[in-house]
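Read through the structure below, which is laid out as structure tokens, and then see the notes.
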Amino acid sequence: MKIAVLAGDGIGQEVTAEAVRVLKALELPSLELVDADVGGIAYKRHGHPLPPETLGTVRASDAILFGAVGDPDCDALERHLRPEQAILGLRKELGLFANLRPATVFKGLEDLTSLRPDVARSIDLLIVRELNGDVYFGEKGMRTTPGGLREGYDIMSYNEDEVRRIAHVGFRAAKAKGGRLCSVDKANVLETSQLWRDIVIEVAAEYPEVALSHMYVDNAAMQLVKDPGQFDVIVTGNLFGDILSDQASMCVGSIGLLASASLGEGSFGLYEPIHGSAPDIAGQDKANPMATILSAAMMLRHSFGEEAQAARIEAAVAKALANGVKGGDLGGNAGTREIGDAVLDNL
Ligand SMILES: NC(=O)c1ccc[n+]([C@@H]2O[C@H](COP(=O)([O-])OP(=O)(O)OC[C@H]3O[C@@H](n4cnc5c(N)ncnc54)[C@H](O)[C@@H]3O)[C@@H](O)[C@H]2O)c1
Ligand SMILES: CC(C)[C@H](C(=O)O)[C@@H](O)C(=O)O
Ligand SMILES: [Mg+2]
């Protein structure tokens, strides 16, 4: 069980430290943790946000525990040197095309979400976000129009194989969870989305037990706050999934609660909170580490088959919350370390 720990920038350092404490407390006999630099901190130390040494460490590991990358000091760098390229590079380089982002309301938080309690209570959804394609990885650049104006462009595309493989992940997830799959696209406007929809319909023939629906992304954003209980699993592209998952986080209370798993074909995976480096609260012991701790639980489940240990971590987080341990993101005053302590106490 060799885990590369890539804490990264800002609160990435703080939240990853708590997840590591929780992993160590489980006393798993084969646990081996190896730290490596990533993001802005890696750029400052090695001249690149994803140095070869880090890629080497990652390739020699069974899974990655990732914090966050992003540093305002680096926002003016050429794009290929910016911290965010590290996480995009890892996802692409390692073929991690399926991003699972579960959103569930923990007991005791029903009154603390951005929704009415009766609406929030119904949420138990999984966003399956495609992670290797879309406008993120198409040709991009700056050019000058014939009229002399600067013009930025980013090409959005998906090929049918890319859609097919993520559709299968979505259908399999829906089969295991509630039976409803909602595919979110923008097929009324985008050719990329038309292909997406056609392929999802094709794949549906292999999953007669799953009830498939389609929704345009603008409506999905609205439905997610109107009636989130209607969703078991949402499958969508890279950009729409990015946006909808941040939105879903506030439907369950805080972005500090949403974990994720990024998976490819085998058992290797990258596990990270969905949030970023939060420069506004970095270094102040204010970040909620629960999303990262829950990501470590997803790692034990998906990469190592340690279901009981994963459930143990999830139960400890649930108990800590039920006992009223809340950070500023949930209207409380518990610090990062204190939240980590509370999870450890409840393991
Ligand atoms: N996967 C990643 O590494 C990742 C994800 C998102 C953003 N980013 C990067 O992070 C930087 C900041 O981006 P942003 O501000 O748009 O998004 P962000 O997720 O870092 O923060 C958004 C807001 O949520 C709060 N927040 C986030 N995580 C929290 C936590 N665990 N506990 C309490 N509050 C929390 C922040 O304080 C901030 O107010 C940027 O450089 C961005 O590119 C990285
Ligand atoms: C930092 C950024 C590249 C990343 C994304 O857009 O995928 C982030 O927002 C996320 O959700 O993991
Ligand atoms: Mg995001």
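Identifiers in the structure tokens: chain A, B, ... in order shown; residue index from 1 per chain; ligand index from 1 in order shown.
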
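Once range 314-322 of chain A and its same-chain neighbours fewer than 3 positions away are set aside, Gly108, Ala311, Val325, Ala342, Val343, Asn346 and Leu347 of chain A remain within 6 Å of it when counting only C-alpha atoms.
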
Contacts of chain A with ligand 2 up to 10 Å, shortest pair per row, only C-alpha atoms and all ligand atoms, as a tab-separated table:
residue	atom	partner	partner_atom_place_in_ligand_line	distance
A:Ala68	CA	ligand 2	1 (C)	7.8
A:Val69	CA	ligand 2	1 (C)	6.7
A:Gly70	CA	ligand 2	1 (C)	7.0
A:Arg82	CA	ligand 2	3 (C)	9.9
A:Pro83	CA	ligand 2	1 (C)	8.2
A:Glu84	CA	ligand 2	3 (C)	4.9
A:Gln85	CA	ligand 2	3 (C)	6.8
A:Ala86	CA	ligand 2	3 (C)	8.4
A:Ile87	CA	ligand 2	3 (C)	6.4
A:Leu88	CA	ligand 2	3 (C)	5.9
A:Gly89	CA	ligand 2	3 (C)	9.5
A:Arg91	CA	ligand 2	7 (O)	9.3
A:Asn99	CA	ligand 2	12 (O)	9.4
A:Arg101	CA	ligand 2	11 (O)	9.8
A:Arg129	CA	ligand 2	7 (O)	9.5
A:Glu130	CA	ligand 2	7 (O)	9.9
A:Leu131	CA	ligand 2	7 (O)	7.5
A:Asn132	CA	ligand 2	7 (O)	9.8
A:Tyr136	CA	ligand 2	6 (O)	7.9
A:Asn238	CA	ligand 2	7 (O)	7.2
A:Leu239	CA	ligand 2	6 (O)	7.0
A:Phe240	CA	ligand 2	6 (O)	9.8
A:Gly241	CA	ligand 2	11 (O)	8.2
A:Asp242	CA	ligand 2	11 (O)	5.0
A:Ile243	CA	ligand 2	11 (O)	7.7
A:Leu244	CA	ligand 2	11 (O)	9.7
A:Ser245	CA	ligand 2	11 (O)	7.7
A:Asp246	CA	ligand 2	11 (O)	7.5
A:Ser260	CA	ligand 2	12 (O)	8.9
A:Ser262	CA	ligand 2	12 (O)	9.9
A:Glu272	CA	ligand 2	12 (O)	8.0
A:Pro273	CA	ligand 2	12 (O)	7.8
A:Ile274	CA	ligand 2	11 (O)	5.1
A:His275	CA	ligand 2	11 (O)	6.4
A:Gly276	CA	ligand 2	1 (C)	6.4
A:Ser277	CA	ligand 2	1 (C)	8.8

How would the residues just picked look written out with C-alpha atoms as a short mmCIF file (atom, residue, chain, number, x, y, z; two decimals), in the first residue's frame?
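Output below, filename result38.cif:
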data_model
loop_
_atom_site.label_atom_id
_atom_site.label_comp_id
_atom_site.auth_asym_id
_atom_site.auth_seq_id
_atom_site.Cartn_x
_atom_site.Cartn_y
_atom_site.Cartn_z
CA ALA A 68 -4.73 21.19 -3.78
CA VAL A 69 -2.70 23.34 -6.16
CA GLY A 70 -2.98 27.03 -6.93
CA ARG A 82 1.01 27.28 -13.61
CA PRO A 83 0.24 25.08 -10.58
CA GLU A 84 -3.10 23.93 -12.02
CA GLN A 85 -1.25 22.23 -14.88
CA ALA A 86 0.06 19.72 -12.34
CA ILE A 87 -3.33 18.27 -11.51
CA LEU A 88 -4.43 18.38 -15.14
CA GLY A 89 -1.17 16.70 -16.15
CA ARG A 91 -5.11 13.19 -14.61
CA ASN A 99 -13.93 11.41 -11.49
CA ARG A 101 -17.71 13.19 -6.64
CA ARG A 129 -17.31 13.73 -14.25
CA GLU A 130 -15.26 12.92 -17.33
CA LEU A 131 -11.71 14.06 -16.63
CA ASN A 132 -9.49 13.58 -19.67
CA TYR A 136 -9.87 21.40 -20.92
CA ASN A 238 -15.27 17.78 -17.67
CA LEU A 239 -16.37 21.43 -17.58
CA PHE A 240 -20.00 20.92 -16.60
CA GLY A 241 -18.93 18.42 -13.93
CA ASP A 242 -16.46 20.88 -12.47
CA ILE A 243 -19.10 23.55 -12.08
CA LEU A 244 -21.98 21.34 -10.93
CA SER A 245 -19.86 19.67 -8.25
CA ASP A 246 -18.93 22.97 -6.59
CA SER A 260 -13.34 12.73 -4.95
CA SER A 262 -10.14 9.95 -10.06
CA GLU A 272 -8.47 14.71 -3.60
CA PRO A 273 -10.99 17.13 -2.14
CA ILE A 274 -12.90 18.97 -4.85
CA HIS A 275 -11.86 22.34 -3.44
CA GLY A 276 -8.74 24.33 -4.23
CA SER A 277 -5.89 25.86 -2.29
#

Which residues in range 128-315 of chain A does DSSP call alpha helix (DSSP H)? List them as a tab-separated table (two decimals) with N, CA and C atoms, in the first residue's frame.
chain	number	residue	atom	x	y	z
A	160	GLU	N	-16.04	9.52	-29.63
A	160	GLU	CA	-17.05	8.59	-29.14
A	160	GLU	C	-16.50	7.60	-28.11
A	161	ASP	N	-15.22	7.22	-28.23
A	161	ASP	CA	-14.66	6.30	-27.24
A	161	ASP	C	-14.59	6.95	-25.86
A	162	GLU	N	-14.22	8.24	-25.86
A	162	GLU	CA	-14.13	8.94	-24.57
A	162	GLU	C	-15.50	9.01	-23.90
A	163	VAL	N	-16.54	9.24	-24.71
A	163	VAL	CA	-17.88	9.32	-24.14
A	163	VAL	C	-18.34	7.93	-23.68
A	164	ARG	N	-18.04	6.94	-24.51
A	164	ARG	CA	-18.50	5.57	-24.20
A	164	ARG	C	-17.95	5.09	-22.87
A	165	ARG	N	-16.64	5.30	-22.64
A	165	ARG	CA	-16.05	4.74	-21.42
A	165	ARG	C	-16.57	5.43	-20.16
A	166	ILE	N	-16.84	6.74	-20.24
A	166	ILE	CA	-17.37	7.40	-19.04
A	166	ILE	C	-18.86	7.06	-18.87
A	167	ALA	N	-19.55	6.85	-20.01
A	167	ALA	CA	-20.96	6.45	-19.91
A	167	ALA	C	-21.06	5.12	-19.17
A	168	HIS	N	-20.18	4.18	-19.48
A	168	HIS	CA	-20.20	2.89	-18.77
A	168	HIS	C	-20.00	3.10	-17.28
A	169	VAL	N	-19.08	3.97	-16.91
A	169	VAL	CA	-18.86	4.24	-15.48
A	169	VAL	C	-20.15	4.78	-14.86
A	170	GLY	N	-20.81	5.69	-15.57
A	170	GLY	CA	-22.05	6.27	-15.07
A	170	GLY	C	-23.14	5.22	-14.91
A	171	PHE	N	-23.30	4.38	-15.92
A	171	PHE	CA	-24.34	3.35	-15.85
A	171	PHE	C	-24.06	2.35	-14.73
A	172	ARG	N	-22.80	1.95	-14.61
A	172	ARG	CA	-22.47	0.98	-13.54
A	172	ARG	C	-22.73	1.60	-12.17
A	173	ALA	N	-22.40	2.87	-12.03
A	173	ALA	CA	-22.62	3.55	-10.74
A	173	ALA	C	-24.11	3.64	-10.45
A	174	ALA	N	-24.90	3.96	-11.48
A	174	ALA	CA	-26.35	4.10	-11.27
A	174	ALA	C	-26.99	2.75	-10.93
A	175	LYS	N	-26.47	1.71	-11.53
A	175	LYS	CA	-26.98	0.36	-11.25
A	175	LYS	C	-26.79	0.02	-9.77
A	176	ALA	N	-25.65	0.46	-9.25
A	176	ALA	CA	-25.33	0.15	-7.85
A	176	ALA	C	-26.00	1.13	-6.88
A	191	GLU	N	-22.30	20.60	-30.69
A	191	GLU	CA	-22.12	19.32	-31.38
A	191	GLU	C	-21.44	18.30	-30.47
A	192	THR	N	-20.50	18.78	-29.67
A	192	THR	CA	-19.84	17.89	-28.70
A	192	THR	C	-20.89	17.20	-27.84
A	193	SER	N	-21.87	17.97	-27.41
A	193	SER	CA	-22.92	17.42	-26.55
A	193	SER	C	-23.88	16.52	-27.33
A	194	GLN	N	-24.08	16.81	-28.61
A	194	GLN	CA	-24.98	15.95	-29.40
A	194	GLN	C	-24.38	14.55	-29.50
A	195	LEU	N	-23.07	14.51	-29.77
A	195	LEU	CA	-22.39	13.21	-29.82
A	195	LEU	C	-22.48	12.53	-28.45
A	196	TRP	N	-22.24	13.31	-27.42
A	196	TRP	CA	-22.32	12.79	-26.04
A	196	TRP	C	-23.67	12.10	-25.83
A	197	ARG	N	-24.72	12.80	-26.19
A	197	ARG	CA	-26.07	12.28	-25.95
A	197	ARG	C	-26.31	11.01	-26.78
A	198	ASP	N	-25.91	11.05	-28.06
A	198	ASP	CA	-26.12	9.89	-28.94
A	198	ASP	C	-25.42	8.65	-28.37
A	199	ILE	N	-24.19	8.84	-27.91
A	199	ILE	CA	-23.42	7.69	-27.41
A	199	ILE	C	-24.01	7.18	-26.09
A	200	VAL	N	-24.43	8.09	-25.22
A	200	VAL	CA	-25.01	7.66	-23.95
A	200	VAL	C	-26.27	6.82	-24.23
A	201	ILE	N	-27.05	7.24	-25.20
A	201	ILE	CA	-28.27	6.48	-25.55
A	201	ILE	C	-27.88	5.09	-26.09
A	202	GLU	N	-26.82	5.06	-26.89
A	202	GLU	CA	-26.34	3.77	-27.42
A	202	GLU	C	-25.93	2.83	-26.29
A	203	VAL	N	-25.15	3.36	-25.34
A	203	VAL	CA	-24.65	2.53	-24.23
A	203	VAL	C	-25.81	2.08	-23.33
A	204	ALA	N	-26.86	2.88	-23.26
A	204	ALA	CA	-28.00	2.56	-22.38
A	204	ALA	C	-28.60	1.19	-22.70
A	217	VAL	N	-27.50	21.44	-19.24
A	217	VAL	CA	-26.74	21.81	-18.05
A	217	VAL	C	-27.32	23.02	-17.32
A	218	ASP	N	-27.92	23.94	-18.05
A	218	ASP	CA	-28.50	25.10	-17.37
A	218	ASP	C	-29.68	24.67	-16.51
A	219	ASN	N	-30.51	23.79	-17.05
A	219	ASN	CA	-31.62	23.26	-16.26
A	219	ASN	C	-31.08	22.43	-15.07
A	220	ALA	N	-30.02	21.66	-15.32
A	220	ALA	CA	-29.45	20.82	-14.25
A	220	ALA	C	-29.00	21.69	-13.07
A	221	ALA	N	-28.40	22.84	-13.38
A	221	ALA	CA	-27.95	23.74	-12.31
A	221	ALA	C	-29.15	24.20	-11.48
A	222	MET	N	-30.24	24.45	-12.17
A	222	MET	CA	-31.46	24.88	-11.48
A	222	MET	C	-32.08	23.72	-10.68
A	223	GLN	N	-32.19	22.55	-11.32
A	223	GLN	CA	-32.80	21.39	-10.65
A	223	GLN	C	-32.00	20.95	-9.43
A	224	LEU	N	-30.70	21.17	-9.47
A	224	LEU	CA	-29.85	20.77	-8.36
A	224	LEU	C	-30.19	21.52	-7.08
A	225	VAL	N	-30.69	22.72	-7.20
A	225	VAL	CA	-31.11	23.43	-5.99
A	225	VAL	C	-32.62	23.32	-5.77
A	226	LYS	N	-33.36	23.09	-6.83
A	226	LYS	CA	-34.83	22.98	-6.68
A	226	LYS	C	-35.22	21.64	-6.06
A	238	ASN	N	-16.27	17.23	-18.58
A	238	ASN	CA	-15.27	17.78	-17.67
A	238	ASN	C	-15.67	19.16	-17.12
A	239	LEU	N	-16.07	20.06	-18.01
A	239	LEU	CA	-16.37	21.43	-17.58
A	239	LEU	C	-17.67	21.51	-16.78
A	240	PHE	N	-18.71	20.86	-17.31
A	240	PHE	CA	-20.00	20.92	-16.60
A	240	PHE	C	-19.88	20.23	-15.24
A	241	GLY	N	-19.10	19.15	-15.19
A	241	GLY	CA	-18.93	18.42	-13.93
A	241	GLY	C	-18.17	19.23	-12.90
A	242	ASP	N	-17.22	20.01	-13.37
A	242	ASP	CA	-16.46	20.88	-12.47
A	242	ASP	C	-17.40	21.87	-11.80
A	243	ILE	N	-18.22	22.49	-12.60
A	243	ILE	CA	-19.10	23.55	-12.08
A	243	ILE	C	-20.21	22.96	-11.20
A	244	LEU	N	-20.85	21.90	-11.69
A	244	LEU	CA	-21.98	21.34	-10.93
A	244	LEU	C	-21.53	20.75	-9.59
A	245	SER	N	-20.28	20.26	-9.53
A	245	SER	CA	-19.86	19.67	-8.25
A	245	SER	C	-19.59	20.74	-7.20
A	246	ASP	N	-19.06	21.88	-7.59
A	246	ASP	CA	-18.93	22.97	-6.59
A	246	ASP	C	-20.32	23.39	-6.11
A	247	GLN	N	-21.25	23.43	-7.05
A	247	GLN	CA	-22.62	23.81	-6.66
A	247	GLN	C	-23.22	22.77	-5.71
A	248	ALA	N	-23.02	21.49	-6.04
A	248	ALA	CA	-23.55	20.43	-5.18
A	248	ALA	C	-22.99	20.50	-3.78
A	249	SER	N	-21.73	20.98	-3.67
A	249	SER	CA	-21.11	21.03	-2.34
A	249	SER	C	-21.90	21.94	-1.40
A	250	MET	N	-22.39	23.04	-1.92
A	250	MET	CA	-23.14	23.94	-1.04
A	250	MET	C	-24.55	23.42	-0.75
A	251	CYS	N	-25.02	22.53	-1.61
A	251	CYS	CA	-26.32	21.89	-1.35
A	251	CYS	C	-26.22	20.95	-0.15
A	290	MET	N	-12.20	17.70	6.24
A	290	MET	CA	-13.02	16.50	6.10
A	290	MET	C	-13.08	15.97	4.66
A	291	ALA	N	-13.10	16.89	3.67
A	291	ALA	CA	-13.14	16.44	2.28
A	291	ALA	C	-11.91	15.60	1.95
A	292	THR	N	-10.78	15.98	2.49
A	292	THR	CA	-9.54	15.24	2.21
A	292	THR	C	-9.53	13.92	2.99
A	293	ILE	N	-10.03	13.97	4.21
A	293	ILE	CA	-10.11	12.74	5.02
A	293	ILE	C	-11.07	11.76	4.32
A	294	LEU	N	-12.18	12.28	3.81
A	294	LEU	CA	-13.13	11.41	3.10
A	294	LEU	C	-12.54	10.91	1.77
A	295	SER	N	-11.63	11.70	1.19
A	295	SER	CA	-10.96	11.24	-0.03
A	295	SER	C	-10.04	10.06	0.30
A	296	ALA	N	-9.41	10.13	1.47
A	296	ALA	CA	-8.56	9.00	1.89
A	296	ALA	C	-9.43	7.74	2.07
A	297	ALA	N	-10.65	7.93	2.55
A	297	ALA	CA	-11.56	6.78	2.68
A	297	ALA	C	-11.88	6.21	1.29
A	298	MET	N	-12.13	7.11	0.33
A	298	MET	CA	-12.41	6.63	-1.03
A	298	MET	C	-11.20	5.87	-1.58
A	299	MET	N	-10.01	6.31	-1.22
A	299	MET	CA	-8.80	5.62	-1.67
A	299	MET	C	-8.75	4.20	-1.13
A	300	LEU	N	-9.04	4.05	0.15
A	300	LEU	CA	-9.00	2.71	0.74
A	300	LEU	C	-10.03	1.80	0.07
A	301	ARG	N	-11.18	2.37	-0.27
A	301	ARG	CA	-12.24	1.58	-0.92
A	301	ARG	C	-11.87	1.22	-2.36
A	302	HIS	N	-11.53	2.23	-3.16
A	302	HIS	CA	-11.40	2.00	-4.60
A	302	HIS	C	-10.05	1.43	-5.02
A	307	GLU	N	-12.86	-1.90	2.30
A	307	GLU	CA	-14.18	-1.32	2.53
A	307	GLU	C	-14.43	-1.01	4.01
A	308	ALA	N	-14.03	-1.94	4.88
A	308	ALA	CA	-14.31	-1.74	6.31
A	308	ALA	C	-13.56	-0.52	6.85
A	309	GLN	N	-12.31	-0.35	6.42
A	309	GLN	CA	-11.54	0.81	6.89
A	309	GLN	C	-12.09	2.11	6.32
A	310	ALA	N	-12.54	2.05	5.07
A	310	ALA	CA	-13.14	3.24	4.46
A	310	ALA	C	-14.40	3.64	5.23
A	311	ALA	N	-15.22	2.66	5.52
A	311	ALA	CA	-16.47	2.92	6.24
A	311	ALA	C	-16.17	3.45	7.65
A	312	ARG	N	-15.07	2.96	8.22
A	312	ARG	CA	-14.68	3.41	9.57
A	312	ARG	C	-14.35	4.92	9.55
A	313	ILE	N	-13.63	5.34	8.55
A	313	ILE	CA	-13.30	6.77	8.44
A	313	ILE	C	-14.57	7.59	8.22
A	314	GLU	N	-15.41	7.11	7.32
A	314	GLU	CA	-16.65	7.86	7.02
A	314	GLU	C	-17.54	7.97	8.26
A	315	ALA	N	-17.60	6.90	9.04
A	315	ALA	CA	-18.42	6.92	10.25
A	315	ALA	C	-17.83	7.91	11.27

Exercise for the section: Would you kindly return, as a list in words, each protein, DNA or RNA residue with an atom no farther than 6 Å from any atom of Ile64 in chain A, considering only C-alpha atoms and excluding same-chain residues fewer than 3 positions away? Expected result: Ile3, Ala4, Val5 and Leu270 of chain A

Problem - All strand (DSSP E) residues (DSSP, backbone) inside range 100-274 of chain A, as a PyMOL selection string - result: chain A and resi 100-104+124-130+140-144+150-154+180-185+211-216+233-236+261-263+269-271

Problem - Within 9 Å of Glu110 in chain A using only C-alpha atoms, minus same-chain residues under 5 positions, as an MDAnalysis selection string - result: chainID A and resid 105 115:121 252:253

Exercise for the section: Compile the contact shell of Pro29 in chain A as number ranges by chain: residues with an atom at most 12 Å away, counting only C-alpha atoms, same-chain residues fewer than 5 positions apart removed. Expected result: A: 1-2, 23-24

Exercise for the section: Pick out the residues sitting within 9 Å of Gly138 in chain A, and hand them over as a PyMOL selection string; count only C-alpha atoms, and ignore anything fewer than 3 positions along from it in its own chain. Expected result: chain A and resi 133-135+154-157

Exercise for the section: Return the single residue from A:Leu6, A:Ala261, A:Leu77, A:Met215 that is closest to Phe97 in chain A, with distances computed using only C-alpha atoms. Expected result: A:Ala261

Practice task
Could you please determine the separation between CA of Ala187 in chain A and CA of Ser213 in chain A in Å, to one decimal place?
Solution key: 13.2 Å

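Closest approach to ligand 3 among A:Ile255, A:Asp9, A:Glu27, A:Ala211: A:Ile255, based on only C-alpha atoms and all ligand atoms.
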
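Remark: for ligand 3, the closest of the candidate residues A:Thr54, A:Leu31, A:Ala259, A:Ala76 is A:Ala259 (distances computed over only C-alpha atoms and all ligand atoms).
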
Exercise for the section: Show which residues sit within 10 Å of range 281-286 of chain A, as a count of residues only. Count only C-alpha atoms, and ignore same-chain residues fewer than 5 positions away. Expected result: 17

Exercise for the section: Counting only C-alpha atoms and all ligand atoms, figure out which residue out of A:Lys326, A:Ala278, A:Glu265, A:Pro72 gets nearest to ligand 3. Expected result: A:Ala278

Practice task
Go through A:Thr236, A:Thr104, A:Asn323, A:Thr113 and flag the residue nearest Val128 in chain A, using only C-alpha atoms for the distances.
Solution key: A:Thr236

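The nearest approach to Ile41 in chain A among the residues A:Ala103, A:Leu65, A:Ala7, A:Val189, with only C-alpha atoms taken into account, belongs to A:Ala7.
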
Problem - Atom-to-atom span, CA of Gly40 in chain A and atom 41 (O, counted along the ligand's line) of ligand 1, Å - result: 9.1 Å

Fill in the blank from the handout: Separating atom 40 (C, counted along the ligand's line) of ligand 1 from CA of Gly8 in chain A, to the nearest tenth of an Å, is a gap of 11.6 Å
